[in-house]
Amino acid sequence: MRQFLKSLAILQKPSKLNKNFGSVRESQPKEKQSDFEKPQNDSMMRLVNELDEMHYGIKLQKHQGLKTKIEYNNANEELFKQFQANSANDAFNHIQNYLKIFYQQIKEEIIKSDHDYVNKISGHYYSKEGKLVRPSLNFLLSQILIDGTTQEFFQQVFKNNFQFQFNTFKINFFVFKIKKDIVEKQRLWAAVIENIHVSSLVHDDIIDNAFTRRGLETAHVKFGDREAVFSGDYIIGRSGQQISRFNDIRMYQIYSHIMENLTHGEINQANSKRNYKYELDDIINQYILKTYYKTASLMAFSAQGVGIILNQDFHNQECLFKFAQHLGISFQLADDMLDYTSDSAKLGKAALADLKEGNVTGPVLFALQEIDGTEEHKQITAMLQKYPKGLDDNQVKIVDQLVKKTYGLEKTTNLALIHSQRALENLQNLKGVKDIEKKDAYKSLNYLLMKIIKRKS
């Protein structure tokens with residue numbers, strides 16, 4: 001209730017955002033936890049304020065003092081070089097074949113309704129897999145915390161579903177230090193998270209009145225609003241049902257926080273369309289908070305779940321949470337840039353769709369920041385305030401040109417890179433993981449962070 005009331009306060013008074021408000025997250029205490037099979041008591045949880053982590057990037061940008069498009073470009077190039085030096089894509093590319101098998105498995109798990117029509121609608125977005133960032137993240141984090149190579153880990157995950165041919169070596173799974181039930185729980189958890197993500201896409205598309213997703217007609221366009229809502233709810237229900245297999249109250253608590261935060265994200269996004277009378281700094285803080293709720297929260301709690309399954313202590317769970325929290329913010333910032341840097345064919349949805357739907361994101365906010373105090377700033381903010389439900393083609397063109405001529409995209413890229421750096425810092429703080437920077441899974445995550453920001457679709 002406290003979180004809900006605080007959230008309402010910040011939505012109603014965005015200019016009053018203060019350092020004491022944040023996403024309130026329940027987590028484990030530092031003392032030793034009971035065995036995985038034993039349900040955890042609510043009294044064992046503590047409250048954690050995540051606001052400082054959410055706004056870390058904004059604070060660091062102010063400290064950097066960069067002023068021009070060229071300065072941001074130069075800073076970004078240096079950061080990209082650092083990621084390039086520590087990344088490797090061989091392991092990342094290797095797991096993509098396994099993830100296609102995984103995606104087919106979770107589709108089969110979802111399509112189990114007694115109603116064929118529900119199965120048809122619910123399976124619509126599964127007919128074409130997305131970027132699979134969330135399962136990639138879960139499996140790579142698991143592999144970092146477990147001894148063994150990426151090859152060994154994924155063969156263990158899918159060994160009951162896929163036949164492998166080895167020409168040069170054989171792997172003794174009895175030597176491989178992973179209990180079968182732990183591996184299965186990791187696969188199940190990755191499936192739950194991906195299904196929650198897909199259900200959120202169904203609902204997002206209805207709210208935003210989107211027409212395409214993953215190169216397909218959106219579910220509500222193809223089947224109708226009511227049917228799409230039911231299918232999204234069904235996927236959520238199936239996800240919650242799967243969590244019962246963990247027999248661990250901590251996983252239910254994570255699930256409830258994810259669903260609550262996704263709702264807050266939608267509320268924040270709807271409210272942001274009416275906020276242009278407030279200070280720009282407050283609007284940007286609101287934007288980052290919305291980004292956390294809508295995207296980063298799911299990834300962060302997902303990573304914490306990986307730690308719980310692998311019986312990691314409180315410190316390591318915090319490191320995993322914060323790593324994925326920053327990765328999620330970086331991911332959404334990059335996603336928001338795609339609206340201005342890619343075309344519809346590559347995106348799988350309409351370009352500049354955010355603006356047309358009335359959603360003003362980082363590139364526009366930072367562009368407005370550069371021209372703050374000018375007549376052009378007054379005109380564009382007045383236009384955004386007057387048409388909160390979306391802009392027409394001519395108005396979209398005006399804002400798009402503003403983004404391109406200012407440092408809107410460059411500053412958004414810089415913020416994404418800062419959060420990616422912060423993500424890796426948290427990963428490097430994991431206890432009990434020797435030579436983490438030499439692990440192929442770590443290098444793959446480094447590559448994933450760079451790929452996220454540089455992607456075109």
# chains A, B, ... in the order shown; residues from 1 in each chain; ligands from 1
$ residues_around --residues "segment 55-67 of chain A" --least-positions-apart "4" --cutoff "12 Å" --atoms "only C-alpha atoms" --output "PyMOL selection string"
chain A and resi 17-19+21-23+49-51+71-76+281-282+284-292+322+325-327+329-330+333+362+366-367+369-371+406-408+410-423
$ residues_around --residues "Phe211 of chain A" --least-positions-apart "6" --cutoff "10 Å" --atoms "only C-alpha atoms" --output "list in words"
Asp205, Glu217, Thr218, Ala219, His220, Val221, Lys222, Lys349, Ala350 and Ala353 of chain A
$ write_last_selection --atoms "N, CA and C atoms" --output "PDB file, in the first residue's frame"
ATOM      1  N   ASP A 205      -0.165  -3.054 -26.837  1.00  0.00           N
ATOM      2  CA  ASP A 205      -0.626  -2.772 -28.197  1.00  0.00           C
ATOM      3  C   ASP A 205      -2.078  -2.293 -28.210  1.00  0.00           C
ATOM      4  N   GLU A 217       0.374  -8.478 -37.721  1.00  0.00           N
ATOM      5  CA  GLU A 217      -0.743  -7.692 -37.211  1.00  0.00           C
ATOM      6  C   GLU A 217      -0.807  -7.882 -35.705  1.00  0.00           C
ATOM      7  N   THR A 218      -1.065  -6.803 -34.967  1.00  0.00           N
ATOM      8  CA  THR A 218      -1.201  -6.947 -33.526  1.00  0.00           C
ATOM      9  C   THR A 218      -2.428  -7.808 -33.211  1.00  0.00           C
ATOM     10  N   ALA A 219      -2.420  -8.399 -32.023  1.00  0.00           N
ATOM     11  CA  ALA A 219      -3.478  -9.343 -31.646  1.00  0.00           C
ATOM     12  C   ALA A 219      -4.851  -8.684 -31.644  1.00  0.00           C
ATOM     13  N   HIS A 220      -4.918  -7.446 -31.160  1.00  0.00           N
ATOM     14  CA  HIS A 220      -6.236  -6.795 -31.076  1.00  0.00           C
ATOM     15  C   HIS A 220      -6.758  -6.411 -32.463  1.00  0.00           C
ATOM     16  N   VAL A 221      -5.864  -6.118 -33.399  1.00  0.00           N
ATOM     17  CA  VAL A 221      -6.287  -5.821 -34.770  1.00  0.00           C
ATOM     18  C   VAL A 221      -6.775  -7.088 -35.459  1.00  0.00           C
ATOM     19  N   LYS A 222      -6.082  -8.166 -35.262  1.00  0.00           N
ATOM     20  CA  LYS A 222      -6.409  -9.427 -35.947  1.00  0.00           C
ATOM     21  C   LYS A 222      -7.632 -10.129 -35.340  1.00  0.00           C
ATOM     22  N   LYS A 349       7.333  -2.752 -36.726  1.00  0.00           N
ATOM     23  CA  LYS A 349       6.195  -1.905 -36.378  1.00  0.00           C
ATOM     24  C   LYS A 349       6.434  -0.540 -37.014  1.00  0.00           C
ATOM     25  N   ALA A 350       5.432   0.321 -36.960  1.00  0.00           N
ATOM     26  CA  ALA A 350       5.545   1.612 -37.635  1.00  0.00           C
ATOM     27  C   ALA A 350       6.637   2.474 -37.012  1.00  0.00           C
ATOM     28  N   ALA A 353       6.226   5.624 -34.267  1.00  0.00           N
ATOM     29  CA  ALA A 353       4.944   5.250 -33.673  1.00  0.00           C
ATOM     30  C   ALA A 353       4.731   5.900 -32.314  1.00  0.00           C
TER      31      ALA A 353
END
$ residues_around --residues "segment 224-237 of chain A" --least-positions-apart "4" --cutoff "7 Å" --atoms "only C-alpha atoms" --output "ChimeraX atom specification"
/A:110,118,121-122,195-196,199,202-203,206,219-220,241
$ closest_residue --among "A:Ile309, A:Asn119, A:Lys112, A:Asn316" --to "Asn429 of chain A" --atoms "only C-alpha atoms"
A:Asn316
$ closest_residue --among "A:Leu424, A:Leu99, A:Leu365, A:Ile436" --to "Met450 of chain A" --atoms "only C-alpha atoms"
A:Leu424
$ closest_residue --among "A:Leu79, A:Leu368, A:Ala296, A:Leu384" --to "Phe323 of chain A" --atoms "only C-alpha atoms"
A:Ala296
$ atom_distance --atom1 "atom CA of Ser297 of chain A" --atom2 "atom CA of Phe102 of chain A"
22.7 Å
$ select_by_dssp --residues "segment 93-260 of chain A" --states "alpha helix (DSSP H)" --output "PyMOL selection string"
chain A and resi 93-110+116-122+133-145+150-157+180-208+219-223+225-243+249-260
$ residues_around --residues "Leu141 of chain A" --least-positions-apart "3" --cutoff "12 Å" --atoms "only C-alpha atoms" --output "MDAnalysis selection string"
chainID A and resid 134:138 144:147 150 153 186 190 299:300 302:307 309:310 312 316:317 319:321 323:324 424 427:428 430 433 436 439:446
$ residues_around --residues "segment 256-258 of chain A" --least-positions-apart "2" --cutoff "8 Å" --atoms "only C-alpha atoms" --output "MDAnalysis selection string"
chainID A and resid 25 252:254 260:262 297:298 301
$ write_last_selection --atoms "N, CA and C atoms" --output "mmCIF file, in the first residue's frame"
data_model
loop_
_atom_site.group_PDB
_atom_site.id
_atom_site.type_symbol
_atom_site.label_atom_id
_atom_site.label_comp_id
_atom_site.auth_asym_id
_atom_site.auth_seq_id
_atom_site.Cartn_x
_atom_site.Cartn_y
_atom_site.Cartn_z
ATOM 1 N N ARG A 25 11.084 -2.297 -3.098
ATOM 2 C CA ARG A 25 11.254 -3.694 -3.488
ATOM 3 C C ARG A 25 11.528 -4.545 -2.258
ATOM 4 N N TYR A 252 6.807 -16.050 -5.813
ATOM 5 C CA TYR A 252 5.498 -15.410 -5.914
ATOM 6 C C TYR A 252 5.607 -13.908 -5.641
ATOM 7 N N GLN A 253 6.434 -13.555 -4.662
ATOM 8 C CA GLN A 253 6.599 -12.144 -4.339
ATOM 9 C C GLN A 253 7.224 -11.387 -5.510
ATOM 10 N N ILE A 254 8.214 -11.991 -6.144
ATOM 11 C CA ILE A 254 8.817 -11.385 -7.323
ATOM 12 C C ILE A 254 7.770 -11.201 -8.419
ATOM 13 N N GLU A 260 2.762 -5.575 -10.543
ATOM 14 C CA GLU A 260 2.436 -4.251 -10.006
ATOM 15 C C GLU A 260 3.205 -3.162 -10.747
ATOM 16 N N ASN A 261 4.491 -3.388 -10.977
ATOM 17 C CA ASN A 261 5.312 -2.373 -11.629
ATOM 18 C C ASN A 261 4.935 -2.166 -13.086
ATOM 19 N N LEU A 262 4.562 -3.238 -13.782
ATOM 20 C CA LEU A 262 4.102 -3.084 -15.159
ATOM 21 C C LEU A 262 2.874 -2.173 -15.210
ATOM 22 N N SER A 297 12.229 -3.235 -14.576
ATOM 23 C CA SER A 297 11.780 -3.984 -13.402
ATOM 24 C C SER A 297 11.643 -5.477 -13.704
ATOM 25 N N LEU A 298 11.044 -5.802 -14.830
ATOM 26 C CA LEU A 298 10.885 -7.211 -15.217
ATOM 27 C C LEU A 298 12.240 -7.904 -15.310
ATOM 28 N N PHE A 301 13.949 -8.147 -11.574
ATOM 29 C CA PHE A 301 13.385 -9.205 -10.737
ATOM 30 C C PHE A 301 13.652 -10.582 -11.338
#
$ residues_around --residues "Lys389 of chain A" --least-positions-apart "6" --cutoff "9 Å" --atoms "only C-alpha atoms" --output "ChimeraX atom specification"
/A:273,356-359
$ atom_distance --atom1 "atom CA of Leu391 of chain A" --atom2 "atom CA of Pro363 of chain A"
16.1 Å
$ atom_distance --atom1 "atom CA of Val399 of chain A" --atom2 "atom CA of Lys451 of chain A"
26.9 Å
